[in-house]
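Report on the following structure.
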Amino acid sequence: MKNLNLKNCLVIPGCITIFGLFLKENISAILFIGFIFFSLVNLIEKKKKNIILQRTSKIIIVLMVAYFLIGVTGVIINPESKKNYLTRLLPFLFSPFLFYIFQDLRNKNMLFIKCFVLGNIILLVFLDISAIIDMITNQSLFIVKEGREYYRFLYTRYTNPNYFNHIYLSLYTFFSAILIYQFKLTTSRLKWITLTYFFIHLFMIGSRAMIISILFGSLIYLFILAIIKKKHLKYLFIYIFCIASLFSITYVFKDTLLFNRYSQVFEWYGKRDNILERNYSINNRIKIYILGASVINEGNGGIQGTGIAEEKIKNTYSKKFKNEFPFKTKTYNTHNQFINNYIDWGYAGLITLSLLLILVIKQAIEKQNYALAFFWISFTLLLMMECILYRQRGIMLFVIFFALLENTSKSNILNPNIND
């Protein structure tokens, strides 16, 4: 009875921790630490009970702990490393406890997933109301930012760093939509209403990196399904036709406010000679990749430090490219998790991250959680355009749900009493 009570007590801090992912990062960190504390107490209390982890789960745990230890090694090797970046990586170190507790509480996993989706809905509704109040207060539908005009309703609520960085908000919203689709969290009618709400906001948030990841992730996902079952081949061709149509629509309306964030991709063809002369985000992204490639070419593939990638990018620009193109930016973020890991940790960081991503996709496909496989494929593509695992929001989402979904499948959801 004592173990049972302690087990039930873990559900409350677990739900609060999941819901807290939508709060400020320092608050979510405190909640996460509290959940880990309760997990440790539970581990000590149930020391005689043996919970068997699958071989793949053990490999994943080793890789996650290794990810943190590589960061520690970087700090030891290079005193100029960012210590605060290492503290952000702590969830990787705590992953064994997460795997343990989520397997022990696997019959509550549906509740944790619902908490995440509910938190996402509440945040979006709050931002919607804030945007409407902002429009009424300023009596204007538009806002001018850096000489460009945007729809106030679409822009102000998603780019305010006091609430939620729009890259992470789009990632969380997409993930919520996937969870709604993958698992039976609600009635069919409410499910499609919620999915529509999420995908409308995905478009309005305007994270091009997330949109591109979804589009190409869909292509890869359908290609994999076509290999598994040939009947899906027709969906692959239909999707290719739809993508071609969307690109055509974006090109036709490329000068409108609604499509200007997406239509800049066409500048690569029409203004390639001048692309390095401008300082818009898409142009700066290309410059960052040029600088990143230069840093990689100078590296030896070993561990150089932790959190030093931005400084190396900045120094490379000052020494080698300052006279070649202008580069006005507030941050020298590599905007590519793989480049970031390689600059910091060489082959060790690159291989560890790649193996983790391969395993999570493989596990989702084997469990026939195909929607989740689609998400992790898109997530992998997103890492090629953003350093999602550099900030606490991305790290906690990755580690917590890696452990949670490792112990969640359709059979587990539909038969909640299994292995109880």
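Following the order of the structure tokens, chains are lettered A, B, ..., residues in each are numbered from 1, and ligands are numbered from 1.
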
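Residues with any atom within 9 Å of Ala66 (chain A), counting only C-alpha atoms and excluding same-chain neighbours fewer than 6 positions away, are Phe92, Leu93 and Thr352 of chain A.
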
Those same residues - C-alpha atoms - I'd like them written as a short mmCIF file (atom, residue, chain, number, x, y, z; two decimals), in the first residue's frame.
data_model
loop_
_atom_site.label_atom_id
_atom_site.label_comp_id
_atom_site.auth_asym_id
_atom_site.auth_seq_id
_atom_site.Cartn_x
_atom_site.Cartn_y
_atom_site.Cartn_z
CA PHE A 92 19.92 14.10 -20.37
CA LEU A 93 21.68 13.01 -17.18
CA THR A 352 25.45 10.52 -30.41
#

Discussion item. Taking the DSSP secondary structure from the backbone, can you list the residues of region 11-217 of chain A that are strand (DSSP E), as an MDAnalysis selection string?
Written reply: chainID A and resid 142:145 148:151

All heavy atoms of the current selection, written as a tab-separated table (two decimals), in the first residue's frame:
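Resulting contents of again-v9.tsv:
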chain	number	residue	atom	x	y	z
A	142	PHE	N	-2.13	46.45	-38.34
A	142	PHE	CA	-0.76	46.24	-38.80
A	142	PHE	C	0.26	46.74	-37.79
A	142	PHE	O	-0.03	47.58	-36.94
A	142	PHE	CB	-0.53	46.95	-40.14
A	142	PHE	CG	-1.51	46.57	-41.20
A	142	PHE	CD1	-2.62	47.36	-41.46
A	142	PHE	CD2	-1.33	45.41	-41.95
A	142	PHE	CE1	-3.54	47.01	-42.43
A	142	PHE	CE2	-2.25	45.05	-42.92
A	142	PHE	CZ	-3.34	45.84	-43.16
A	143	ILE	N	1.46	46.20	-37.91
A	143	ILE	CA	2.60	46.64	-37.12
A	143	ILE	C	3.80	46.73	-38.05
A	143	ILE	O	3.98	45.90	-38.94
A	143	ILE	CB	2.89	45.67	-35.95
A	143	ILE	CG1	4.03	46.19	-35.10
A	143	ILE	CG2	3.19	44.27	-36.46
A	143	ILE	CD1	4.28	45.36	-33.84
A	144	VAL	N	4.62	47.78	-37.85
A	144	VAL	CA	5.81	47.97	-38.67
A	144	VAL	C	7.03	47.54	-37.86
A	144	VAL	O	7.25	48.02	-36.75
A	144	VAL	CB	5.97	49.44	-39.11
A	144	VAL	CG1	7.26	49.62	-39.90
A	144	VAL	CG2	4.76	49.87	-39.93
A	145	LYS	N	7.78	46.61	-38.41
A	145	LYS	CA	8.96	46.06	-37.74
A	145	LYS	C	10.12	46.05	-38.71
A	145	LYS	O	10.06	45.43	-39.78
A	145	LYS	CB	8.66	44.63	-37.26
A	145	LYS	CG	9.73	44.03	-36.36
A	145	LYS	CD	9.61	44.52	-34.95
A	145	LYS	CE	10.53	43.77	-34.02
A	145	LYS	NZ	10.44	44.24	-32.62
A	148	ARG	N	9.30	46.81	-42.26
A	148	ARG	CA	8.37	45.93	-42.96
A	148	ARG	C	7.05	45.89	-42.21
A	148	ARG	O	7.00	45.98	-40.98
A	148	ARG	CB	8.95	44.53	-43.10
A	148	ARG	CG	10.30	44.51	-43.78
A	148	ARG	CD	10.77	43.11	-44.03
A	148	ARG	NE	10.03	42.48	-45.11
A	148	ARG	CZ	10.25	41.24	-45.52
A	148	ARG	NH1	11.17	40.50	-44.93
A	148	ARG	NH2	9.55	40.72	-46.50
A	149	GLU	N	5.97	45.71	-42.95
A	149	GLU	CA	4.63	45.72	-42.37
A	149	GLU	C	4.12	44.29	-42.20
A	149	GLU	O	4.26	43.45	-43.09
A	149	GLU	CB	3.67	46.50	-43.27
A	149	GLU	CG	2.36	46.87	-42.61
A	149	GLU	CD	1.48	47.74	-43.50
A	149	GLU	OE1	1.24	47.33	-44.66
A	149	GLU	OE2	1.07	48.82	-43.06
A	150	TYR	N	3.54	44.02	-41.02
A	150	TYR	CA	3.00	42.70	-40.72
A	150	TYR	C	1.59	42.84	-40.16
A	150	TYR	O	1.24	43.88	-39.60
A	150	TYR	CB	3.86	41.97	-39.67
A	150	TYR	CG	5.31	41.79	-40.04
A	150	TYR	CD1	6.26	42.74	-39.71
A	150	TYR	CD2	5.74	40.63	-40.69
A	150	TYR	CE1	7.60	42.57	-40.03
A	150	TYR	CE2	7.07	40.45	-41.01
A	150	TYR	CZ	7.99	41.42	-40.68
A	150	TYR	OH	9.32	41.25	-41.00
A	151	TYR	N	0.81	41.77	-40.29
A	151	TYR	CA	-0.48	41.74	-39.62
A	151	TYR	C	-0.23	41.66	-38.11
A	151	TYR	O	0.44	40.74	-37.64
A	151	TYR	CB	-1.31	40.54	-40.08
A	151	TYR	CG	-1.90	40.68	-41.45
A	151	TYR	CD1	-1.52	39.83	-42.48
A	151	TYR	CD2	-2.85	41.67	-41.71
A	151	TYR	CE1	-2.07	39.96	-43.75
A	151	TYR	CE2	-3.40	41.81	-42.97
A	151	TYR	CZ	-3.00	40.95	-43.99
A	151	TYR	OH	-3.53	41.09	-45.23

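Residues with any atom within 9 Å of Trp192 (chain A), counting only C-alpha atoms and excluding same-chain neighbours fewer than 5 positions away, are Ile180, Tyr181, Thr187 and Tyr197 of chain A.
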
Dump N, CA and C atoms for the selected residues as a compact mmCIF listing (two decimals), in the first residue's frame?
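That gives us again.txt:
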# COMPACT_ATOMS: atom_id res chain seq x y z
N ILE A 180 -2.68 14.38 -30.64
CA ILE A 180 -4.14 14.30 -30.80
C ILE A 180 -4.50 13.27 -31.87
N TYR A 181 -3.76 13.29 -32.96
CA TYR A 181 -4.04 12.40 -34.08
C TYR A 181 -3.65 10.95 -33.76
N THR A 187 -13.23 12.87 -28.41
CA THR A 187 -14.17 12.40 -29.42
C THR A 187 -13.69 12.77 -30.81
N TYR A 197 -7.61 23.86 -35.36
CA TYR A 197 -7.14 25.00 -34.56
C TYR A 197 -5.62 25.02 -34.51

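Distances to Leu69 (chain A) were evaluated for A:Ile249, A:Ile27, A:Thr306, A:Ile220 using only C-alpha atoms, and the minimum falls at A:Thr306.
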
Worksheet item: Which neighbours of Leu111 (chain A) fall inside 10 Å, counting only C-alpha atoms, when residues of the same chain fewer than 2 positions from it are skipped, and could you give them as a PyMOL selection string?
Response: chain A and resi 11+14-15+18+106-109+113-116+185

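The shortest atom-to-atom distance to Lys184 (chain A), with only C-alpha atoms taken into account, belongs to A:Met110 out of A:Ile12, A:Met110, A:Ala131, A:Leu219.
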
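Note that the spacing between CA of Gln368 (chain A) and CA of Gln103 (chain A) amounts to 18.8 Å.
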
Practice prompt. Would you list the contacts of Leu405 (chain A) as an MDAnalysis selection string, taking every protein, DNA or RNA residue within 9 Å and counting only C-alpha atoms, but skipping same-chain residues closer than 6 positions in sequence?
Written response: chainID A and resid 102 109 364 372

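Remark: for Ile36 (chain A), the closest of the candidate residues A:Leu123, A:Ala309, A:Ile214, A:Ile400 is A:Ile400 (distances computed over only C-alpha atoms).
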
Worksheet item: What are the DSSP helix (DSSP H, G or I) residues of region 254-401 of chain A, as a VMD selection string?
Response: chain A and resid 260 to 270 272 to 274 281 to 298 309 to 321 337 to 366 370 to 382 388 to 390 392 to 401

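Among the candidates A:Pro13, A:Thr316, A:Pro91, A:Leu141, the one nearest to Gly34 (chain A) when counting only C-alpha atoms is A:Pro13.
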
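Every protein, DNA or RNA residue with an atom at most 10 Å from Leu169 (chain A), where only C-alpha atoms count and chain neighbours fewer than 3 positions away do not, is listed here: Phe22, Asn120, Leu123, Leu124, Tyr158, Thr159, Tyr163, Phe164, Asn165, His166, Tyr172, Thr173, Phe174, Phe175, His201, Leu202, Ile205, Ser207, Met210 and Arg393 of chain A.
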
Using N, CA, C and O atoms, can you write the selected residues to a file as a JSON list (two decimals), in the first residue's frame?
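The result, written out as out26.json:
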[["chain", "number", "residue", "atom", "x", "y", "z"],
["A", 22, "PHE", "N", 4.92, 24.84, -20.67],
["A", 22, "PHE", "CA", 4.42, 26.03, -21.35],
["A", 22, "PHE", "C", 4.60, 27.30, -20.51],
["A", 22, "PHE", "O", 4.16, 28.38, -20.90],
["A", 120, "ASN", "N", -0.99, 23.45, -24.23],
["A", 120, "ASN", "CA", -0.80, 24.10, -25.52],
["A", 120, "ASN", "C", -2.04, 24.91, -25.92],
["A", 120, "ASN", "O", -1.94, 26.06, -26.37],
["A", 123, "LEU", "N", -2.37, 28.10, -23.77],
["A", 123, "LEU", "CA", -1.41, 29.13, -24.17],
["A", 123, "LEU", "C", -1.85, 29.82, -25.45],
["A", 123, "LEU", "O", -1.79, 31.06, -25.56],
["A", 124, "LEU", "N", -2.29, 29.06, -26.46],
["A", 124, "LEU", "CA", -2.71, 29.65, -27.72],
["A", 124, "LEU", "C", -3.93, 30.54, -27.54],
["A", 124, "LEU", "O", -4.02, 31.63, -28.14],
["A", 158, "TYR", "N", 3.22, 36.07, -31.39],
["A", 158, "TYR", "CA", 4.09, 34.90, -31.57],
["A", 158, "TYR", "C", 5.58, 35.25, -31.52],
["A", 158, "TYR", "O", 6.42, 34.37, -31.49],
["A", 159, "THR", "N", 5.92, 36.52, -31.54],
["A", 159, "THR", "CA", 7.33, 36.90, -31.54],
["A", 159, "THR", "C", 7.73, 37.59, -30.25],
["A", 159, "THR", "O", 8.84, 38.09, -30.13],
["A", 163, "TYR", "N", 6.70, 35.57, -23.79],
["A", 163, "TYR", "CA", 5.75, 34.47, -23.75],
["A", 163, "TYR", "C", 6.40, 33.16, -24.18],
["A", 163, "TYR", "O", 6.61, 32.25, -23.41],
["A", 164, "PHE", "N", 6.74, 33.10, -25.47],
["A", 164, "PHE", "CA", 7.22, 31.83, -26.02],
["A", 164, "PHE", "C", 7.87, 32.12, -27.37],
["A", 164, "PHE", "O", 7.24, 32.71, -28.25],
["A", 165, "ASN", "N", 9.12, 31.74, -27.54],
["A", 165, "ASN", "CA", 9.76, 31.89, -28.83],
["A", 165, "ASN", "C", 8.96, 31.16, -29.90],
["A", 165, "ASN", "O", 8.54, 30.02, -29.69],
["A", 166, "HIS", "N", 8.73, 31.81, -31.04],
["A", 166, "HIS", "CA", 7.79, 31.25, -32.02],
["A", 166, "HIS", "C", 8.29, 29.93, -32.63],
["A", 166, "HIS", "O", 7.48, 29.12, -33.08],
["A", 172, "TYR", "N", 5.93, 22.87, -30.42],
["A", 172, "TYR", "CA", 5.01, 22.34, -29.43],
["A", 172, "TYR", "C", 3.61, 22.16, -30.00],
["A", 172, "TYR", "O", 2.93, 21.16, -29.73],
["A", 173, "THR", "N", 3.18, 23.13, -30.81],
["A", 173, "THR", "CA", 1.84, 23.06, -31.40],
["A", 173, "THR", "C", 1.74, 21.91, -32.39],
["A", 173, "THR", "O", 0.74, 21.17, -32.41],
["A", 174, "PHE", "N", 2.76, 21.73, -33.19],
["A", 174, "PHE", "CA", 2.79, 20.61, -34.13],
["A", 174, "PHE", "C", 2.79, 19.28, -33.39],
["A", 174, "PHE", "O", 2.07, 18.34, -33.75],
["A", 175, "PHE", "N", 3.56, 19.20, -32.31],
["A", 175, "PHE", "CA", 3.62, 17.98, -31.52],
["A", 175, "PHE", "C", 2.27, 17.67, -30.89],
["A", 175, "PHE", "O", 1.83, 16.52, -30.85],
["A", 201, "HIS", "N", -2.95, 27.77, -36.54],
["A", 201, "HIS", "CA", -1.94, 28.52, -35.80],
["A", 201, "HIS", "C", -0.53, 28.21, -36.29],
["A", 201, "HIS", "O", 0.34, 29.09, -36.27],
["A", 202, "LEU", "N", -0.29, 27.00, -36.73],
["A", 202, "LEU", "CA", 1.02, 26.67, -37.29],
["A", 202, "LEU", "C", 1.33, 27.57, -38.48],
["A", 202, "LEU", "O", 2.45, 28.06, -38.62],
["A", 205, "ILE", "N", 1.79, 31.29, -37.11],
["A", 205, "ILE", "CA", 3.01, 31.53, -36.35],
["A", 205, "ILE", "C", 4.16, 31.93, -37.28],
["A", 205, "ILE", "O", 4.99, 32.77, -36.94],
["A", 207, "SER", "N", 6.72, 30.18, -38.57],
["A", 207, "SER", "CA", 8.05, 29.60, -38.45],
["A", 207, "SER", "C", 8.35, 28.82, -39.73],
["A", 207, "SER", "O", 7.89, 27.70, -39.92],
["A", 210, "MET", "N", 9.84, 25.34, -39.26],
["A", 210, "MET", "CA", 8.91, 24.29, -38.88],
["A", 210, "MET", "C", 8.06, 23.87, -40.07],
["A", 210, "MET", "O", 7.82, 22.68, -40.29],
["A", 393, "ARG", "N", 13.81, 24.62, -23.39],
["A", 393, "ARG", "CA", 12.50, 24.19, -23.89],
["A", 393, "ARG", "C", 12.62, 22.98, -24.80],
["A", 393, "ARG", "O", 11.86, 22.02, -24.70]]

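The spacing separating CA of Asn315 (chain A) from CA of Leu89 (chain A) amounts to 25.1 Å.
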
Worksheet, complete the sentence: Taken to one decimal, the CA of Val62 (chain A)-CA of Trp345 (chain A) distance is 17.2 Å

Near Gly301 (chain A), within 10 Å and counting only C-alpha atoms, which residues show up once chain neighbours fewer than 4 positions away are dropped, as a PDB file with N, CA, C and O atoms, in the first residue's frame?
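Printed below is around-v1.pdb as written:
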ATOM      1  N   ILE A 296      33.834  24.220 -39.597  1.00  0.00           N
ATOM      2  CA  ILE A 296      33.930  22.757 -39.653  1.00  0.00           C
ATOM      3  C   ILE A 296      35.179  22.327 -40.425  1.00  0.00           C
ATOM      4  O   ILE A 296      35.895  21.403 -40.018  1.00  0.00           O
ATOM      5  N   ASN A 297      35.449  23.011 -41.525  1.00  0.00           N
ATOM      6  CA  ASN A 297      36.622  22.663 -42.333  1.00  0.00           C
ATOM      7  C   ASN A 297      37.922  22.871 -41.568  1.00  0.00           C
ATOM      8  O   ASN A 297      38.928  22.187 -41.834  1.00  0.00           O
ATOM      9  N   TYR A 342      28.850  19.498 -33.914  1.00  0.00           N
ATOM     10  CA  TYR A 342      30.148  19.155 -34.489  1.00  0.00           C
ATOM     11  C   TYR A 342      31.209  20.178 -34.104  1.00  0.00           C
ATOM     12  O   TYR A 342      32.350  19.823 -33.785  1.00  0.00           O
ATOM     13  N   ILE A 343      30.849  21.466 -34.137  1.00  0.00           N
ATOM     14  CA  ILE A 343      31.816  22.499 -33.764  1.00  0.00           C
ATOM     15  C   ILE A 343      32.232  22.334 -32.306  1.00  0.00           C
ATOM     16  O   ILE A 343      33.406  22.454 -31.961  1.00  0.00           O
ATOM     17  N   ASP A 344      31.264  22.044 -31.436  1.00  0.00           N
ATOM     18  CA  ASP A 344      31.554  21.871 -30.010  1.00  0.00           C
ATOM     19  C   ASP A 344      32.225  20.545 -29.704  1.00  0.00           C
ATOM     20  O   ASP A 344      33.260  20.495 -29.015  1.00  0.00           O
ATOM     21  N   TRP A 345      31.646  19.459 -30.193  1.00  0.00           N
ATOM     22  CA  TRP A 345      32.025  18.121 -29.734  1.00  0.00           C
ATOM     23  C   TRP A 345      32.531  17.194 -30.831  1.00  0.00           C
ATOM     24  O   TRP A 345      32.769  16.005 -30.570  1.00  0.00           O
ATOM     25  N   GLY A 346      32.662  17.690 -32.048  1.00  0.00           N
ATOM     26  CA  GLY A 346      33.206  16.874 -33.125  1.00  0.00           C
ATOM     27  C   GLY A 346      32.341  15.668 -33.456  1.00  0.00           C
ATOM     28  O   GLY A 346      31.114  15.711 -33.340  1.00  0.00           O
ATOM     29  N   TYR A 347      32.995  14.580 -33.838  1.00  0.00           N
ATOM     30  CA  TYR A 347      32.268  13.377 -34.248  1.00  0.00           C
ATOM     31  C   TYR A 347      31.453  12.779 -33.104  1.00  0.00           C
ATOM     32  O   TYR A 347      30.383  12.196 -33.324  1.00  0.00           O
ATOM     33  N   ALA A 348      31.933  12.897 -31.874  1.00  0.00           N
ATOM     34  CA  ALA A 348      31.238  12.326 -30.724  1.00  0.00           C
ATOM     35  C   ALA A 348      29.842  12.936 -30.570  1.00  0.00           C
ATOM     36  O   ALA A 348      28.847  12.217 -30.377  1.00  0.00           O
ATOM     37  N   GLY A 349      29.754  14.256 -30.660  1.00  0.00           N
ATOM     38  CA  GLY A 349      28.455  14.921 -30.537  1.00  0.00           C
ATOM     39  C   GLY A 349      27.543  14.633 -31.702  1.00  0.00           C
ATOM     40  O   GLY A 349      26.329  14.465 -31.535  1.00  0.00           O
ATOM     41  N   LEU A 350      28.125  14.559 -32.888  1.00  0.00           N
ATOM     42  CA  LEU A 350      27.330  14.322 -34.093  1.00  0.00           C
ATOM     43  C   LEU A 350      26.770  12.905 -34.117  1.00  0.00           C
ATOM     44  O   LEU A 350      25.581  12.690 -34.398  1.00  0.00           O
TER      45      LEU A 350
END

Give me, as CSV, the closest atom pair and its distance (Å, one decimal) for every residue of region 115-228 of chain A within a cut-off of 10 Å of region 232-246 of chain A, counting only C-alpha atoms, rows sorted by chain and rising number.
residue,atom,partner,partner_atom,distance
A:Leu215,CA,A:Ile243,CA,7.9
A:Phe216,CA,A:Ile243,CA,9.7
A:Ser218,CA,A:Tyr239,CA,8.3
A:Leu219,CA,A:Leu236,CA,7.1
A:Ile220,CA,A:Leu236,CA,9.3
A:Tyr221,CA,A:Leu236,CA,9.1
A:Leu222,CA,A:Leu236,CA,5.5
A:Phe223,CA,A:Leu236,CA,6.5
A:Ile224,CA,A:His232,CA,9.2
A:Leu225,CA,A:His232,CA,6.1
A:Ala226,CA,A:His232,CA,4.7
A:Ile227,CA,A:Leu233,CA,8.1
A:Ile228,CA,A:His232,CA,8.4

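Comparing A:Ile377, A:Leu43, A:Ile60, A:Ile303 by their smallest distance to Asp104 (chain A), the closest is A:Leu43 (using only C-alpha atoms).
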
Fill in: From A:Leu359, A:Ile61, A:Ile133, A:Cys9, residue lying nearest Phe94 (chain A) [only C-alpha atoms]
A:Ile61
